[in-house]
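Asker: model_18.txt (compact mmCIF, C-alpha atoms) pasted underneath:
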```txt
# COMPACT_ATOMS: atom_id res chain seq x y z
CA MET Q 1 0.00 0.00 0.00
CA LYS Q 2 2.87 2.39 0.80
CA VAL Q 3 4.32 1.68 -2.64
CA LEU Q 4 0.96 2.50 -4.29
CA ILE Q 5 0.71 5.77 -2.39
CA PHE Q 6 4.29 6.69 -3.36
CA ILE Q 7 3.72 5.92 -7.07
CA ASN Q 8 0.55 7.98 -7.25
CA SER Q 9 2.12 10.83 -5.31
CA LEU Q 10 5.06 10.79 -7.74
CA ILE Q 11 2.69 10.91 -10.71
CA MET Q 12 0.86 13.88 -9.22
CA PHE Q 13 4.20 15.65 -8.62
CA ILE Q 14 5.24 15.06 -12.25
CA ASN Q 15 1.90 16.44 -13.41
CA SER Q 16 2.35 19.61 -11.38
CA VAL Q 17 5.92 20.18 -12.58
CA LEU Q 18 5.42 19.39 -16.26
CA GLY Q 19 1.85 20.61 -16.59
CA VAL Q 20 0.77 17.46 -18.43
CA ASN Q 21 -1.94 14.99 -17.70
CA CYS Q 22 -0.83 11.42 -17.12
CA MET Q 23 -3.06 10.94 -14.11
CA PRO Q 24 -4.20 7.39 -13.37
CA THR Q 25 -7.85 6.59 -12.92
CA GLY Q 26 -9.64 6.19 -9.62
CA TYR Q 27 -9.38 9.76 -8.36
CA ALA Q 28 -12.16 11.51 -6.49
CA ILE Q 29 -12.84 15.24 -6.38
CA ASN Q 30 -12.07 16.96 -3.11
CA ALA Q 31 -15.38 18.84 -3.00
CA LYS Q 32 -14.34 21.42 -0.42
CA LYS Q 33 -11.10 22.25 -2.21
CA ALA Q 34 -12.77 22.39 -5.63
CA GLU Q 35 -15.64 24.62 -4.52
CA SER Q 36 -13.23 26.94 -2.72
CA ALA Q 37 -11.07 27.22 -5.88
CA ILE Q 38 -14.05 27.79 -8.18
CA THR Q 39 -15.43 30.47 -5.86
CA ALA Q 40 -12.05 32.17 -5.56
CA SER Q 41 -11.55 32.18 -9.34
CA ALA Q 42 -15.01 33.67 -9.92
CA ASN Q 43 -14.62 36.30 -7.19
CA LYS Q 44 -11.23 37.34 -8.54
CA ARG Q 45 -12.75 37.85 -11.98
CA ILE Q 46 -15.73 39.71 -10.53
CA GLU Q 47 -13.36 42.00 -8.62
CA GLU Q 48 -11.30 42.78 -11.73
CA GLY Q 49 -14.45 43.29 -13.80
CA THR Q 50 -14.08 40.39 -16.19
CA LEU Q 51 -17.10 38.47 -14.87
CA THR Q 52 -20.54 39.37 -13.56
CA GLY Q 53 -21.63 35.97 -12.30
CA ALA Q 54 -21.31 32.24 -12.88
CA HIS Q 55 -22.95 28.98 -11.84
CA ALA Q 56 -20.98 25.73 -11.61
CA ILE Q 57 -22.39 22.24 -11.06
CA VAL Q 58 -20.27 19.09 -10.84
CA PHE Q 59 -21.33 15.48 -10.38
CA GLN Q 60 -19.06 12.50 -9.81
CA LYS Q 61 -20.32 8.92 -9.87
CA GLY Q 62 -23.91 10.15 -9.75
CA LYS Q 63 -23.40 12.31 -6.68
CA GLN Q 64 -23.60 16.10 -6.72
CA ILE Q 65 -20.23 17.42 -5.56
CA ILE Q 66 -20.63 21.13 -6.29
CA ASN Q 67 -23.59 23.43 -6.98
CA LYS Q 68 -22.36 26.99 -6.59
CA ALA Q 69 -23.66 30.29 -7.99
CA VAL Q 70 -21.46 33.37 -7.53
CA GLY Q 71 -22.02 37.03 -8.44
CA LEU Q 72 -24.96 38.88 -9.97
CA TYR Q 73 -27.50 38.44 -12.77
CA GLU Q 74 -26.06 41.54 -14.44
CA VAL Q 75 -23.89 44.52 -13.54
CA GLY Q 76 -25.77 46.32 -10.76
CA GLY Q 77 -28.38 43.57 -10.67
CA LYS Q 78 -29.64 41.10 -8.09
CA GLU Q 79 -27.66 38.24 -6.60
CA LEU Q 80 -27.29 35.25 -8.91
CA ASP Q 81 -29.15 32.07 -7.95
CA ASP Q 82 -29.71 28.61 -9.40
CA LYS Q 83 -32.85 29.73 -11.26
CA ALA Q 84 -30.81 31.86 -13.68
CA ILE Q 85 -31.25 31.19 -17.40
CA TYR Q 86 -28.32 31.54 -19.80
CA ARG Q 87 -27.84 31.86 -23.53
CA ILE Q 88 -25.97 28.61 -24.20
CA ALA Q 89 -25.20 29.30 -27.88
CA SER Q 90 -23.09 26.42 -29.26
CA MET Q 91 -23.88 24.16 -26.33
CA THR Q 92 -27.06 23.72 -28.39
CA LYS Q 93 -24.97 21.64 -30.81
CA PRO Q 94 -24.51 18.52 -28.59
CA ILE Q 95 -28.28 18.45 -28.06
CA THR Q 96 -28.91 18.49 -31.80
CA ALA Q 97 -26.28 15.77 -32.28
CA VAL Q 98 -28.04 13.59 -29.68
CA ALA Q 99 -31.35 14.14 -31.48
CA LEU Q 100 -29.77 12.95 -34.74
CA LEU Q 101 -28.40 9.90 -32.93
CA ILE Q 102 -31.84 9.12 -31.48
CA GLU Q 103 -33.19 8.96 -35.04
CA HIS Q 104 -30.24 6.69 -35.92
CA ASP Q 105 -31.00 4.54 -32.88
CA ARG Q 106 -34.63 4.16 -33.98
CA GLY Q 107 -33.66 3.15 -37.49
CA HIS Q 108 -35.25 6.23 -39.07
CA LEU Q 109 -31.90 7.14 -40.60
CA ASN Q 110 -28.28 6.08 -40.59
CA ILE Q 111 -25.77 8.77 -39.71
CA TYR Q 112 -23.50 7.44 -42.46
CA ASP Q 113 -26.23 7.98 -45.07
CA GLU Q 114 -25.79 10.61 -47.75
CA LEU Q 115 -27.70 13.81 -47.04
CA LYS Q 116 -29.26 13.81 -50.51
CA LYS Q 117 -31.23 10.70 -49.58
CA TYR Q 118 -33.36 12.92 -47.33
CA MET Q 119 -32.90 16.30 -49.01
CA PRO Q 120 -32.54 15.94 -52.80
CA GLU Q 121 -31.69 19.64 -53.07
CA PHE Q 122 -28.21 18.70 -51.86
CA SER Q 123 -27.71 16.20 -54.71
CA GLU Q 124 -25.53 18.51 -56.77
CA MET Q 125 -23.27 20.84 -54.80
CA PHE Q 126 -20.43 23.08 -55.83
CA VAL Q 127 -17.24 23.97 -53.98
CA SER Q 128 -15.95 27.52 -53.91
CA SER Q 129 -12.24 27.94 -54.53
CA LYS Q 130 -10.18 29.62 -51.84
CA ASP Q 131 -8.58 32.04 -54.27
CA GLU Q 132 -9.75 35.59 -54.92
CA ASN Q 133 -11.65 34.54 -58.06
CA GLU Q 134 -13.95 32.26 -56.04
CA THR Q 135 -14.50 29.89 -58.94
CA LEU Q 136 -16.94 27.00 -58.49
CA THR Q 137 -16.27 23.36 -59.18
CA LYS Q 138 -18.70 20.48 -58.85
CA ALA Q 139 -18.28 18.60 -55.56
CA GLU Q 140 -17.00 15.08 -55.98
CA ASN Q 141 -18.06 13.88 -52.53
CA SER Q 142 -21.60 13.70 -51.25
CA ILE Q 143 -22.28 15.12 -47.78
CA LYS Q 144 -22.89 12.44 -45.12
CA LEU Q 145 -25.24 13.05 -42.19
CA TYR Q 146 -22.56 12.63 -39.51
CA GLN Q 147 -20.45 15.26 -41.26
CA LEU Q 148 -23.14 17.86 -40.55
CA VAL Q 149 -22.53 17.62 -36.80
CA SER Q 150 -18.73 17.26 -36.92
CA HIS Q 151 -17.71 20.35 -38.92
CA VAL Q 152 -16.34 18.37 -41.88
CA SER Q 153 -19.26 18.78 -44.31
CA GLY Q 154 -18.03 21.91 -46.10
CA VAL Q 155 -21.30 23.69 -45.27
CA GLY Q 156 -20.94 27.31 -44.17
CA ASP Q 157 -23.15 29.45 -41.94
CA VAL Q 158 -26.57 30.97 -42.50
CA ASP Q 159 -26.93 34.60 -43.55
CA ILE Q 160 -30.22 35.49 -41.89
CA ASN Q 161 -30.30 38.73 -43.85
CA ALA Q 162 -30.70 36.61 -46.97
CA ILE Q 163 -33.87 35.05 -45.56
CA GLU Q 164 -36.88 37.10 -44.52
CA SER Q 165 -36.81 37.13 -40.70
CA ASP Q 166 -40.41 35.95 -40.36
CA ARG Q 167 -39.62 32.99 -42.63
CA CYS Q 168 -36.31 31.99 -41.05
CA THR Q 169 -36.65 28.41 -39.80
CA CYS Q 170 -34.53 25.27 -39.88
CA LYS Q 171 -36.32 24.40 -43.12
CA THR Q 172 -35.71 27.70 -44.89
CA ALA Q 173 -32.16 27.91 -43.51
CA ALA Q 174 -31.37 24.42 -44.83
CA GLU Q 175 -32.90 25.22 -48.21
CA TRP Q 176 -30.85 28.43 -48.43
CA LEU Q 177 -27.66 26.55 -47.57
CA ALA Q 178 -28.43 24.07 -50.36
CA SER Q 179 -28.22 26.98 -52.80
CA GLN Q 180 -24.82 28.11 -51.53
CA PRO Q 181 -21.38 26.78 -52.51
CA LEU Q 182 -19.51 24.55 -50.08
CA LEU Q 183 -16.39 25.89 -48.42
CA PHE Q 184 -14.46 22.70 -49.18
CA GLU Q 185 -14.92 19.19 -50.53
CA PRO Q 186 -16.95 17.24 -47.93
CA GLY Q 187 -14.79 15.04 -45.73
CA THR Q 188 -11.47 16.58 -46.77
CA ASP Q 189 -11.11 19.45 -44.28
CA GLN Q 190 -12.72 20.90 -41.18
CA MET Q 191 -14.21 24.30 -40.46
CA TYR Q 192 -16.55 25.24 -37.63
CA SER Q 193 -20.12 25.45 -38.92
CA THR Q 194 -23.27 26.37 -37.07
CA GLY Q 195 -25.40 26.33 -40.21
CA ALA Q 196 -24.80 22.62 -40.84
CA TYR Q 197 -26.74 21.88 -37.65
CA ASP Q 198 -29.84 23.48 -39.15
CA ILE Q 199 -29.61 20.94 -41.98
CA ALA Q 200 -29.30 18.13 -39.42
CA ALA Q 201 -32.36 19.48 -37.63
CA ARG Q 202 -34.29 19.59 -40.89
CA VAL Q 203 -33.40 15.95 -41.58
CA ILE Q 204 -34.75 15.07 -38.13
CA GLU Q 205 -37.99 16.87 -38.99
CA ILE Q 206 -38.25 14.90 -42.23
CA THR Q 207 -37.56 11.48 -40.68
CA SER Q 208 -39.64 12.00 -37.54
CA GLY Q 209 -42.55 14.06 -38.86
CA MET Q 210 -42.11 16.46 -35.92
CA GLU Q 211 -40.89 20.05 -35.82
CA PHE Q 212 -37.42 20.19 -34.33
CA PRO Q 213 -38.24 22.13 -31.11
CA GLU Q 214 -41.07 19.70 -30.34
CA TYR Q 215 -38.82 16.74 -31.13
CA ILE Q 216 -36.09 17.67 -28.66
CA LYS Q 217 -38.68 18.63 -26.04
CA VAL Q 218 -40.49 15.29 -26.22
CA ASN Q 219 -37.48 13.04 -26.73
CA ILE Q 220 -34.86 14.78 -24.58
CA PHE Q 221 -36.06 17.64 -22.36
CA ASP Q 222 -39.26 16.07 -21.02
CA LYS Q 223 -37.54 12.75 -20.33
CA LEU Q 224 -34.69 14.45 -18.45
CA GLY Q 225 -36.85 17.02 -16.65
CA MET Q 226 -35.20 19.96 -18.44
CA THR Q 227 -38.07 22.39 -17.90
CA ASP Q 228 -36.12 25.60 -18.55
CA THR Q 229 -34.38 24.69 -21.82
CA THR Q 230 -36.05 26.33 -24.80
CA PHE Q 231 -35.69 28.27 -28.04
CA GLU Q 232 -38.57 30.56 -27.08
CA PRO Q 233 -38.48 31.65 -23.42
CA THR Q 234 -41.75 32.55 -21.77
CA GLU Q 235 -42.19 35.98 -20.18
CA GLU Q 236 -41.38 34.44 -16.80
CA GLN Q 237 -38.25 32.78 -18.19
CA TRP Q 238 -37.10 36.05 -19.76
CA SER Q 239 -37.29 37.58 -16.28
CA ARG Q 240 -34.62 35.06 -15.19
CA MET Q 241 -32.31 35.57 -18.18
CA VAL Q 242 -28.88 36.82 -17.10
CA GLY Q 243 -27.35 39.86 -18.73
CA VAL Q 244 -24.51 39.54 -21.23
CA HIS Q 245 -21.40 40.91 -19.53
CA ASN Q 246 -18.85 43.06 -21.31
CA PHE Q 247 -15.52 44.58 -20.26
CA VAL Q 248 -14.86 48.11 -21.53
CA ASP Q 249 -12.02 50.44 -20.53
CA GLY Q 250 -11.12 48.20 -17.63
CA LYS Q 251 -14.66 48.10 -16.23
CA ALA Q 252 -17.53 45.63 -16.14
CA VAL Q 253 -20.53 46.81 -18.13
CA ASN Q 254 -23.76 45.27 -19.34
CA GLY Q 255 -23.31 44.23 -22.95
CA SER Q 256 -25.86 45.04 -25.62
CA THR Q 257 -28.34 42.40 -26.76
CA VAL Q 258 -31.13 42.45 -29.31
CA PRO Q 259 -34.48 42.52 -27.44
CA GLY Q 260 -36.32 39.23 -27.71
CA CYS Q 261 -33.36 37.37 -29.23
CA VAL Q 262 -31.59 34.53 -27.42
CA PHE Q 263 -28.65 34.37 -29.83
CA ALA Q 264 -27.26 37.44 -31.61
CA SER Q 265 -30.06 38.90 -33.77
CA PHE Q 266 -31.63 35.54 -34.60
CA PRO Q 267 -35.43 35.67 -34.14
CA VAL Q 268 -36.50 33.09 -31.54
CA THR Q 269 -38.82 31.53 -34.11
CA TYR Q 270 -35.73 30.55 -36.14
CA HIS Q 271 -34.90 27.71 -33.67
CA ALA Q 272 -31.25 27.71 -34.73
CA ALA Q 273 -30.13 24.14 -34.10
CA GLY Q 274 -26.51 25.11 -33.57
CA ALA Q 275 -26.90 28.13 -31.32
CA GLY Q 276 -30.42 29.13 -30.32
CA LEU Q 277 -31.20 27.49 -26.97
CA ALA Q 278 -31.41 29.03 -23.52
CA SER Q 279 -30.99 26.85 -20.43
CA THR Q 280 -30.05 26.70 -16.76
CA ALA Q 281 -27.09 24.99 -15.13
CA ASN Q 282 -29.52 22.69 -13.32
CA ASP Q 283 -31.08 21.66 -16.63
CA TYR Q 284 -27.88 21.17 -18.58
CA ILE Q 285 -26.26 19.03 -15.90
CA LYS Q 286 -29.14 16.57 -16.43
CA PHE Q 287 -28.20 16.36 -20.10
CA ALA Q 288 -24.52 15.98 -19.19
CA GLN Q 289 -25.34 13.27 -16.66
CA MET Q 290 -27.28 11.40 -19.33
CA LEU Q 291 -24.19 11.45 -21.57
CA LEU Q 292 -22.08 10.12 -18.70
CA ASN Q 293 -24.65 7.45 -17.84
CA GLY Q 294 -24.60 5.80 -21.26
CA GLY Q 295 -27.75 7.45 -22.61
CA LYS Q 296 -29.96 7.00 -19.55
CA ALA Q 297 -31.73 9.58 -17.40
CA GLU Q 298 -31.31 9.51 -13.63
CA ASP Q 299 -34.54 7.48 -13.26
CA GLY Q 300 -33.33 4.91 -15.81
CA THR Q 301 -35.32 6.25 -18.76
CA VAL Q 302 -33.41 5.45 -21.95
CA ILE Q 303 -32.79 8.44 -24.22
CA LEU Q 304 -30.63 6.45 -26.63
CA SER Q 305 -28.60 3.26 -26.51
CA GLU Q 306 -25.10 3.19 -25.05
CA LYS Q 307 -23.76 1.78 -28.32
CA THR Q 308 -25.13 4.70 -30.32
CA LEU Q 309 -24.07 7.25 -27.72
CA LYS Q 310 -20.45 6.10 -28.06
CA LEU Q 311 -20.51 7.41 -31.64
CA MET Q 312 -20.80 10.90 -30.18
CA SER Q 313 -17.47 10.75 -28.35
CA THR Q 314 -15.61 8.90 -31.12
CA PRO Q 315 -13.45 11.19 -33.31
CA VAL Q 316 -14.68 11.23 -36.91
CA PRO Q 317 -12.24 9.78 -39.46
CA ASP Q 318 -12.45 12.93 -41.62
CA ASP Q 319 -10.77 15.10 -38.95
CA LYS Q 320 -7.14 14.39 -39.73
CA ARG Q 321 -5.56 17.19 -37.69
CA ALA Q 322 -2.63 16.35 -35.46
CA ASP Q 323 -4.22 18.23 -32.54
CA ASN Q 324 -4.79 17.10 -28.97
CA THR Q 325 -8.52 17.38 -29.56
CA LEU Q 326 -10.61 16.21 -32.53
CA TRP Q 327 -14.27 16.43 -33.50
CA GLY Q 328 -16.76 13.86 -32.37
CA LEU Q 329 -20.48 14.43 -33.05
CA GLY Q 330 -21.39 17.81 -31.58
CA VAL Q 331 -18.42 17.74 -29.20
CA ARG Q 332 -14.65 17.97 -29.08
CA VAL Q 333 -12.88 14.82 -27.90
CA ILE Q 334 -9.52 14.84 -26.12
CA VAL Q 335 -7.31 12.29 -27.87
CA LYS Q 336 -3.80 13.11 -26.62
CA PRO Q 337 -2.20 14.25 -23.34
CA GLY Q 338 -1.37 17.92 -22.98
CA ASN Q 339 -4.78 19.26 -21.98
CA THR Q 340 -6.04 20.09 -18.51
CA LEU Q 341 -8.53 17.23 -18.82
CA PRO Q 342 -7.58 13.56 -19.32
CA VAL Q 343 -7.67 11.74 -22.64
CA GLY Q 344 -11.19 10.49 -23.38
CA CYS Q 345 -13.01 13.53 -22.01
CA PHE Q 346 -15.50 15.24 -24.31
CA GLY Q 347 -17.70 18.33 -24.25
CA TRP Q 348 -18.04 21.82 -25.67
CA SER Q 349 -18.50 25.54 -24.98
CA GLY Q 350 -20.79 28.38 -26.05
CA ALA Q 351 -20.02 31.77 -27.57
CA TYR Q 352 -21.15 33.51 -24.38
CA GLY Q 353 -18.82 31.50 -22.15
CA SER Q 354 -20.86 28.49 -21.06
CA HIS Q 355 -18.91 25.23 -20.87
CA PHE Q 356 -19.32 21.54 -20.05
CA TRP Q 357 -17.40 18.31 -20.17
CA ILE Q 358 -17.76 14.60 -19.49
CA ASP Q 359 -14.96 12.53 -17.97
CA PRO Q 360 -16.00 8.89 -18.61
CA VAL Q 361 -12.96 7.50 -16.76
CA ASN Q 362 -13.33 9.39 -13.49
CA LYS Q 363 -17.13 9.52 -13.90
CA ILE Q 364 -17.44 13.30 -13.86
CA ALA Q 365 -20.07 15.54 -15.46
CA ALA Q 366 -19.36 19.26 -15.10
CA VAL Q 367 -21.25 22.37 -16.23
CA TYR Q 368 -20.21 26.02 -15.99
CA MET Q 369 -22.64 28.76 -16.94
CA LYS Q 370 -21.93 32.44 -17.56
CA ASN Q 371 -22.86 34.94 -20.26
CA SER Q 372 -20.15 37.23 -21.58
CA SER Q 373 -19.60 39.00 -24.89
CA PHE Q 374 -15.83 39.23 -24.54
CA ASP Q 375 -14.59 35.96 -23.00
CA GLY Q 376 -16.56 33.18 -24.67
CA GLY Q 377 -16.24 30.30 -27.07
CA ALA Q 378 -13.69 27.52 -27.16
CA GLY Q 379 -10.80 27.99 -24.78
CA ASN Q 380 -12.28 30.95 -22.91
CA LYS Q 381 -10.33 31.77 -19.77
CA SER Q 382 -13.03 31.12 -17.19
CA ALA Q 383 -13.77 27.70 -18.72
CA ASN Q 384 -10.07 26.83 -18.56
CA GLU Q 385 -9.96 27.93 -14.92
CA PHE Q 386 -13.01 25.80 -14.16
CA GLU Q 387 -11.33 22.71 -15.61
CA ARG Q 388 -8.12 23.45 -13.71
CA ASP Q 389 -9.93 24.07 -10.41
CA ILE Q 390 -11.61 20.66 -10.64
CA MET Q 391 -8.56 18.72 -11.76
CA ASP Q 392 -6.30 20.34 -9.15
CA SER Q 393 -8.67 19.13 -6.43
CA PHE Q 394 -8.31 15.43 -7.20
CA LYS Q 395 -7.41 13.25 -4.24
CA LEU Q 396 -6.63 9.55 -4.14
CA LYS Q 397 -9.32 7.33 -2.65
CA ILE Q 398 -7.59 4.45 -0.88
CA VAL Q 399 -9.61 1.47 0.29
CA ILE Q 400 -7.70 -0.59 2.85
```
Represent the structure of the file as structure tokens.
Answerer:
Amino acid sequence: MKVLIFINSLIMFINSVLGVNCMPTGYAINAKKAESAITASANKRIEEGTLTGAHAIVFQKGKQIINKAVGLYEVGGKELDDKAIYRIASMTKPITAVALLIEHDRGHLNIYDELKKYMPEFSEMFVSSKDENETLTKAENSIKLYQLVSHVSGVGDVDINAIESDRCTCKTAAEWLASQPLLFEPGTDQMYSTGAYDIAARVIEITSGMEFPEYIKVNIFDKLGMTDTTFEPTEEQWSRMVGVHNFVDGKAVNGSTVPGCVFASFPVTYHAAGAGLASTANDYIKFAQMLLNGGKAEDGTVILSEKTLKLMSTPVPDDKRADNTLWGLGVRVIVKPGNTLPVGCFGWSGAYGSHFWIDPVNKIAAVYMKNSSFDGGAGNKSANEFERDIMDSFKLKIVI
């Protein structure tokens, strides 16, 4: 036993010196240390003006370890609580990917199918050259469904100004994208695309016969008890929406938002499948827990099979980058050491700073909610701090 303790202590020392992650499995979060670190990090940012408020929830092995809200709803506003609703932006994407996988699970589609099987308007696509002439050549590869939710389809983003705002839906967005050139030959490159998720949502509507918002409500939100996750907040839910923080001239200020819009200037009736949802930390942790629990809700309700769910956290073969992280379906997947989190973790962030991850080895589901217009998206500083604060709190559980 003394030898085991020495070996693990040595590994932890090497981690701290080299800043790499070669941590063995079987570690438990020190809840008191983690919560103290998360609170200190948030308060430091609040004091310097780079954060208004944040809500962190962490589960390990099905047990809630941390549920901590710090700060205010907005600059000069009321104290933040666990009822706060956030614009989750691209954390909408994993939900859409799960919806697509549910349809795969039910045999209504196969994620390796060609898109044109369901939407013939994508049968003949053209690729725009990257030179200044922007010449078009006929695409040789057909878009596959899984490529829509892994940023390797070549599809770009939606220009809502090109679609009348009162007609902007997943259907009209997908149809507009079908008329646009691809950014690259499908399956040969990768580029972040929110618009491709609208096409995935439209396929779900076609195969299920349900409108996309209703589909995810019935098949995901209702089954998980996610009562505050929506494209179209009610008046009461709008009253709990946090402000979007900004940092100007060294001071915290309330950022500007378009009235009635959850994401940017997108009308809420658009139901943007890659960016349009609002949610709470308490809701999203239920979704994260389902991902950790092999597709099952806390009460055992099956959302999708464990076999199908594994496709989500498996890097797609088209992403040939030599990076530490690669694209799964709707998530990034850590494939090499060198990150704060261990290899095998997966998750994603939102443009306004929300963040989550799943650690299938150490059985952790973690969600961090904030809304900011200056420190958001992948790799935002507060998300990195959140990961570090959790990982630095690990302690060895020894059973004698």
Asker: Output as JSON lines one row per residue of region 44-142 of chain Q within 8 Å of region 344-368 of chain Q: the closest atom pair and its distance in Å to one decimal place, counting only C-alpha atoms, sorted by chain and residue number ascending.
Answerer:
```
{"residue": "Q:Ala54", "atom": "CA", "partner": "Q:Tyr368", "partner_atom": "CA", "distance": 7.0}
{"residue": "Q:His55", "atom": "CA", "partner": "Q:Tyr368", "partner_atom": "CA", "distance": 5.8}
{"residue": "Q:Ala56", "atom": "CA", "partner": "Q:Tyr368", "partner_atom": "CA", "distance": 4.5}
{"residue": "Q:Ile57", "atom": "CA", "partner": "Q:Val367", "partner_atom": "CA", "distance": 5.3}
{"residue": "Q:Val58", "atom": "CA", "partner": "Q:Ala366", "partner_atom": "CA", "distance": 4.4}
{"residue": "Q:Phe59", "atom": "CA", "partner": "Q:Ala365", "partner_atom": "CA", "distance": 5.2}
{"residue": "Q:Gln60", "atom": "CA", "partner": "Q:Ile364", "partner_atom": "CA", "distance": 4.4}
{"residue": "Q:Lys61", "atom": "CA", "partner": "Q:Lys363", "partner_atom": "CA", "distance": 5.2}
{"residue": "Q:Gly62", "atom": "CA", "partner": "Q:Lys363", "partner_atom": "CA", "distance": 8.0}
{"residue": "Q:Arg87", "atom": "CA", "partner": "Q:Tyr352", "partner_atom": "CA", "distance": 6.9}
{"residue": "Q:Ile88", "atom": "CA", "partner": "Q:Gly350", "partner_atom": "CA", "distance": 5.5}
{"residue": "Q:Ala89", "atom": "CA", "partner": "Q:Gly350", "partner_atom": "CA", "distance": 4.9}
{"residue": "Q:Ser90", "atom": "CA", "partner": "Q:Gly350", "partner_atom": "CA", "distance": 4.4}
{"residue": "Q:Met91", "atom": "CA", "partner": "Q:Gly350", "partner_atom": "CA", "distance": 5.2}
{"residue": "Q:Pro94", "atom": "CA", "partner": "Q:Trp348", "partner_atom": "CA", "distance": 7.8}
```
Asker: Name all residues at most 8 Å from Ala200 (chain Q) (count all atoms listed in the file; drop same-chain ones fewer than 3 positions away) and give them as a PDB file with C-alpha atoms, keeping the file's coordinate frame.
Answerer:
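Contents of selection.pdb, freshly written:
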```pdb
ATOM      1  CA  THR Q  96     -28.910  18.490 -31.800  1.00  0.00           C
ATOM      2  CA  LEU Q 100     -29.770  12.950 -34.740  1.00  0.00           C
ATOM      3  CA  LEU Q 145     -25.240  13.050 -42.190  1.00  0.00           C
ATOM      4  CA  LEU Q 148     -23.140  17.860 -40.550  1.00  0.00           C
ATOM      5  CA  VAL Q 149     -22.530  17.620 -36.800  1.00  0.00           C
ATOM      6  CA  ALA Q 196     -24.800  22.620 -40.840  1.00  0.00           C
ATOM      7  CA  TYR Q 197     -26.740  21.880 -37.650  1.00  0.00           C
ATOM      8  CA  VAL Q 203     -33.400  15.950 -41.580  1.00  0.00           C
ATOM      9  CA  ILE Q 204     -34.750  15.070 -38.130  1.00  0.00           C
TER      10      ILE Q 204
END
```
Asker: Could you tell me which of Q:Glu211, Q:Leu101, Q:Asp131, Q:Lys251 comes closest to Lys310 (chain Q) if we count only C-alpha atoms?
Answerer: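 Among Q:Glu211, Q:Leu101, Q:Asp131, Q:Lys251, it is Q:Leu101 that comes nearest to Lys310 (chain Q).
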Asker: Have a look at Q:Ala69, Q:Cys168, Q:Leu329, Q:Ile220 and name the one nearest to Leu304 (chain Q); count only C-alpha atoms.
Answerer: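 Answer, going by the shortest atom-to-atom distance: Q:Ile220.
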Asker: Using only C-alpha atoms, which residue out of Q:Met191, Q:Ala278, Q:Val331, Q:Ala40 lies closest to Met369 (chain Q)?
Answerer: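 Of Q:Met191, Q:Ala278, Q:Val331, Q:Ala40, the one nearest Met369 (chain Q) is Q:Ala278, counting only C-alpha atoms.
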Asker: Could you tell me which of Q:Tyr284, Q:Tyr86, Q:Phe386, Q:Tyr215 comes closest to Thr340 (chain Q) if we count only C-alpha atoms?
Answerer: Q:Phe386
Asker: Take CA of Phe126 (chain Q) and CA of Ser150 (chain Q) and report the distance between them in Å, one decimal.
Answerer: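 So the two atoms, CA of Phe126 (chain Q) and CA of Ser150 (chain Q), lie 19.9 Å apart.
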Asker: For Gly260 (chain Q), please output as a list in words all residues within 10 Å (counting only C-alpha atoms; exclusion window: fewer than 6 positions along the same chain).
Answerer: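 These residues fall inside the cut-off: Glu232, Pro233, Trp238, Phe266, Pro267 and Val268 of chain Q.
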